[in-house]
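K.L.:
Dropping a structure here in structure tokens format, bear with me for questions.
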Amino acid sequence: MIKILKINALEKTYDNTVQVLNDINLDMEAGGFLILVGPSGCGKSTLLNCIAGLETTTSGSIEIAGRDVTQVEPKDRDISMVFQSYALYPTMTVRENIAFGMRVRGVPKEEQRNKIQEVASQLQIDHLLDRKPGQLSGGQRQRVAIGRALVRHPSLYLFDEPLSNLDAKLRVEMRAELKALHEKTRASFVYVTHDQVEAMTMGTQIAVLNGGSIQQYGTPDEIYHNPSNVFVASFMGSPPMNILKGKIERNGQALSVCFLSDDGIPHRVNVPHYDGTPLQHGTEVLLGIRPEYCYLDNSGETIELRAMQVEVTGVDQFVKFRCGDDRVLTARFSDASPMHAGANVRFSLKTSEIRLFDPGTEKAIDSVAEKLVERI
């Protein structure tokens with residue numbers, strides 16, 4: 001099956017010295033919602049601009065709908081782009097802004113009218129068609145920018161942090177609207193954001209970038225539950241995954257991890273899903289556990305730590321505990337009795353959700369163990 005977007009070994013270097021993108025490889029099915037996410041300066045917007053043709057690539061190739069467009073001009077790539085700044089013409093009405101691209105391409109006026117009405121109805125901006133951008137709110141302007149892109153029906157829609165200029169409440173609303181729009185149109189979206197909540201809630205596939213490289217590419221579920229390295233584990237999730245220093249302890253085939261509290265008391269947790277890995281007794285590891293997998297359940301194996309800080313956000317309490325080497329473990333307790341700093345809290349960890357990482361490479365132990373087994 002032909003991929004709607006396929007990128008092979010793409011690299012981008014400025015002035016032959018500054019490498020912004022390094023060996024980017026990804027592909028996307030038609031009708032997908034691909035999110036490019038990462039911190040500022042990671043290369044995500046540069047990658048989007050390379051796909052759009054606004055940036056030239058140093059090496060590698062880009063295919064859109066089976067056609068190599070690496071050297072093709074932006075206007076001939078069959079794409080439509082929505083910018084962070086909306087890029088609306090202030091002297092034109094909403095109707096004229098939406099129609100501008102069609103008028104330039106010589107689309108018949110009757111077809112223009114029909115398409116404008118279609119997208120205006122879809123985006124609920126029918127009543128705004130005769131207003132100018134200066135008379136609109138931020139959310140309304142963003143809808144107009146999206147409408148201008150939608151009338152084209154290209155192979156690929158590109159979004160460059162389109163919600164970053166909106167306030168928090170409006171961002172949540174527009175996020176839901178964009179997701180609903182994608183589900184309704186089944187168009188192919190590539191969307192850049194630094195907001196991992198946007199990435200998790202909107203995307204069908206996520207590419208996590210850092211330092212110009214893809215750290216992990218997969219579904220939101222894969223990236224959240226099985227991060228490929230410490231960076232992905234720490235970047236995706238709010239609050240992020242806890243990362244604690246620990247050591248492997250073996251009892252025959254059974255495997256557990258021991259970590260220290262801030263007062264040096266050892267705590268052990270069994271990790272049976274790692275029993276088959278060739279990890280040796282005494283091996284140093286990084287233990288990862290997400291805050292929501294800490295339970296106030298004393299029926300099984302528990303640990304007891306002293307609360308350092310408590311943050312209440314309504315139904316949830318985020319309790320922070322200091323562990324060895326100034327590491328902090330954050331637990332998310334829901335519907336619990338009020339807690340306070342300084343209290344000793346006994347709780348358990350959902351061991352099936354514990355992830356182990358190599359402290360040297362910071363890669364997930366699962367992949368390291370597979371390579372060890374292959375060598376054996």
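If you're wondering about the labels, chains in the structure tokens are A, B, ... by order shown, residues count from 1 in each chain, ligands from 1 in order shown.
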Tell me which protein, DNA and RNA residues are within 8 Å of A:His340, counting only C-alpha atoms, leaving out same-chain ones fewer than 5 positions away, and put them as a list in words.
P.N.:
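Close residues of A:His340: Ala307, Gln309 and Val310 of chain A.
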K.L.:
Give me the residues within 7 Å of A:Val208 as a PDB file with C-alpha atoms, in the first residue's frame, counting only C-alpha atoms and dropping any in the same chain fewer than 2 places off.
P.N.:
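Once everything was written out, this is result-v1.pdb:
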```pdb
ATOM      1  CA  LEU A  36       5.555  15.778  15.610  1.00  0.00           C
ATOM      2  CA  VAL A  37       6.253  16.607  19.248  1.00  0.00           C
ATOM      3  CA  GLY A  38       9.280  17.675  21.226  1.00  0.00           C
ATOM      4  CA  ILE A 206       3.395  10.292  17.361  1.00  0.00           C
ATOM      5  CA  ASN A 210      14.872  15.603  20.529  1.00  0.00           C
ATOM      6  CA  ILE A 214      13.340  10.776  16.308  1.00  0.00           C
ATOM      7  CA  GLN A 215      13.477   9.226  19.768  1.00  0.00           C
ATOM      8  CA  GLN A 216      10.386   7.071  19.255  1.00  0.00           C
ATOM      9  CA  TYR A 217       7.664   6.666  16.643  1.00  0.00           C
TER      10      TYR A 217
END
```
K.L.:
Give me, as an NGL selection string, the residues of stretch 59-281 of chain A that a backbone DSSP run labels strand (DSSP E or B).
P.N.:
:A and (59-64 or 67-68 or 79-82 or 156-160 or 189-193 or 205-210 or 213-218 or 229 or 242-251 or 254-261 or 266-270)
K.L.:
Name the residues of stretch 88-188 of chain A that come out as alpha helix (DSSP H) in a backbone DSSP run; write them as a ChimeraX atom specification.
P.N.:
/A:94-104,109-122,138-150,168-185
K.L.:
Rounded to one decimal in Å, what is the spacing between atom CA of A:Leu287 and atom CA of A:Leu244?
P.N.:
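Atom CA of A:Leu244 lies 5.0 Å from atom CA of A:Leu287.
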K.L.:
Which of these residues is nearest to A:Cys42, using only C-alpha atoms: A:Ser337, A:Lys184, A:Leu21, A:Phe83?
P.N.:
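That would be A:Leu21, the residue with the smallest distance to A:Cys42.
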K.L.:
Against stretch 344-361 of chain A, which residues of stretch 186-249 of chain A fall within 10 Å? For each one I want the closest pair of atoms and the distance in Å (one decimal), counting only C-alpha atoms, rows by chain and increasing residue number, as JSON lines.
P.N.:
```
{"residue": "A:His225", "atom": "CA", "partner": "A:Glu353", "partner_atom": "CA", "distance": 7.4}
{"residue": "A:Asn226", "atom": "CA", "partner": "A:Arg355", "partner_atom": "CA", "distance": 7.5}
{"residue": "A:Pro227", "atom": "CA", "partner": "A:Arg355", "partner_atom": "CA", "distance": 8.4}
{"residue": "A:Ser228", "atom": "CA", "partner": "A:Phe357", "partner_atom": "CA", "distance": 8.8}
{"residue": "A:Asn229", "atom": "CA", "partner": "A:Phe357", "partner_atom": "CA", "distance": 6.9}
{"residue": "A:Val230", "atom": "CA", "partner": "A:Phe357", "partner_atom": "CA", "distance": 7.0}
{"residue": "A:Ala233", "atom": "CA", "partner": "A:Arg355", "partner_atom": "CA", "distance": 9.3}
{"residue": "A:Met241", "atom": "CA", "partner": "A:Arg355", "partner_atom": "CA", "distance": 9.6}
{"residue": "A:Asn242", "atom": "CA", "partner": "A:Ile354", "partner_atom": "CA", "distance": 9.8}
{"residue": "A:Ile243", "atom": "CA", "partner": "A:Phe357", "partner_atom": "CA", "distance": 8.9}
{"residue": "A:Leu244", "atom": "CA", "partner": "A:Leu356", "partner_atom": "CA", "distance": 9.6}
{"residue": "A:Lys245", "atom": "CA", "partner": "A:Pro359", "partner_atom": "CA", "distance": 8.2}
{"residue": "A:Gly246", "atom": "CA", "partner": "A:Leu356", "partner_atom": "CA", "distance": 9.4}
```
K.L.:
For A:Ile35, which residue among A:Gly252, A:Pro239, A:Gly203, A:Gly60 is the nearest when counting only C-alpha atoms?
P.N.:
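For A:Ile35, the nearest of the given residues is A:Gly203.
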K.L.:
When distances are computed from only C-alpha atoms, which of A:Asp316, A:Asp23, A:Glu110, A:Glu249 shows the smallest separation from A:Asp335?
P.N.:
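That would be A:Asp316, the residue with the smallest distance to A:Asp335.
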K.L.:
Quick one: residues within 10 Å of A:Thr57, only C-alpha atoms counted, chain neighbours fewer than 4 positions away excluded, as a list in words?
P.N.:
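Within the cut-off, the hits are Leu10, Glu11, Lys12, Thr13, Tyr14, Leu21, Thr46, Leu47, Asn49, Cys50, Ile51, Gly53, Ser61, Ile62, Thr70 and Gln71 of chain A.
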K.L.:
Take the residues from that selection and put them in a file with N, CA and C atoms, as a CSV table (one decimal), in the first residue's frame.
P.N.:
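File part.csv, as written:
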```
chain,number,residue,atom,x,y,z
A,10,LEU,N,16.3,11.4,6.0
A,10,LEU,CA,16.3,12.9,5.8
A,10,LEU,C,17.3,13.6,6.8
A,11,GLU,N,18.1,14.4,6.3
A,11,GLU,CA,19.0,15.2,7.1
A,11,GLU,C,19.0,16.7,6.7
A,12,LYS,N,19.1,17.6,7.6
A,12,LYS,CA,19.2,19.0,7.3
A,12,LYS,C,20.3,19.6,8.1
A,13,THR,N,21.2,20.3,7.4
A,13,THR,CA,22.4,20.9,8.0
A,13,THR,C,22.4,22.4,7.5
A,14,TYR,N,22.7,23.3,8.4
A,14,TYR,CA,22.9,24.7,8.1
A,14,TYR,C,24.4,25.0,8.0
A,21,LEU,N,18.5,18.2,11.6
A,21,LEU,CA,17.8,17.0,11.5
A,21,LEU,C,18.8,15.9,11.2
A,46,THR,N,11.3,22.5,11.7
A,46,THR,CA,12.1,22.4,10.5
A,46,THR,C,11.7,21.2,9.7
A,47,LEU,N,11.4,20.1,10.4
A,47,LEU,CA,10.9,18.9,9.6
A,47,LEU,C,9.6,19.2,8.9
A,49,ASN,N,8.6,22.1,7.8
A,49,ASN,CA,9.0,22.9,6.7
A,49,ASN,C,9.6,22.2,5.5
A,50,CYS,N,10.4,21.2,5.9
A,50,CYS,CA,11.0,20.3,4.8
A,50,CYS,C,9.9,19.6,4.1
A,51,ILE,N,8.9,19.1,4.8
A,51,ILE,CA,7.8,18.4,4.1
A,51,ILE,C,7.1,19.3,3.2
A,53,GLY,N,8.3,21.9,1.8
A,53,GLY,CA,9.1,22.5,0.7
A,53,GLY,C,9.6,23.9,1.0
A,61,SER,N,15.1,11.7,1.3
A,61,SER,CA,14.0,11.9,0.3
A,61,SER,C,12.6,12.1,1.1
A,62,ILE,N,11.7,12.7,0.4
A,62,ILE,CA,10.3,12.9,0.9
A,62,ILE,C,9.4,12.5,-0.2
A,70,THR,N,11.0,15.7,-3.1
A,70,THR,CA,12.1,16.3,-2.4
A,70,THR,C,12.6,17.6,-3.1
A,71,GLN,N,12.6,17.6,-4.4
A,71,GLN,CA,13.0,18.8,-5.2
A,71,GLN,C,11.9,19.6,-5.8
```
K.L.:
So which one's closest to A:Leu286, A:Val172, A:Ile365, A:Val312, A:Leu136? Using only C-alpha atoms, please.
P.N.:
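With only C-alpha atoms as the atom set, the closest residue is A:Ile365.
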K.L.:
As an MDAnalysis selection string, please: the residues near stretch 324-327 of chain A (cut-off 7 Å, only C-alpha atoms, same-chain neighbours under 5 positions excluded).
P.N.:
chainID A and resid 244 260:262 264
K.L.:
Pick the closest to A:Glu29 from A:Ser188, A:Asn298, A:Thr56, A:Ser238: which is it, counting only C-alpha atoms?
P.N.:
A:Ser188
K.L.:
Which residue is closest to A:Val119? Choose from A:Thr185, A:Asn251, A:Thr93, A:Ser45 and count only C-alpha atoms.
P.N.:
A:Thr185
K.L.:
May I have the residues within 8 Å of A:Lys179 as a PyMOL selection string, using only C-alpha atoms and disregarding those fewer than 4 positions away in the same chain?
P.N.:
chain A and resi 175+183+202
K.L.:
Which neighbours of A:Met102 fall inside 12 Å, counting only C-alpha atoms, when residues of the same chain fewer than 3 positions from it are skipped, and could you give them as a ChimeraX atom specification?
P.N.:
/A:95-99,105-116,148-153
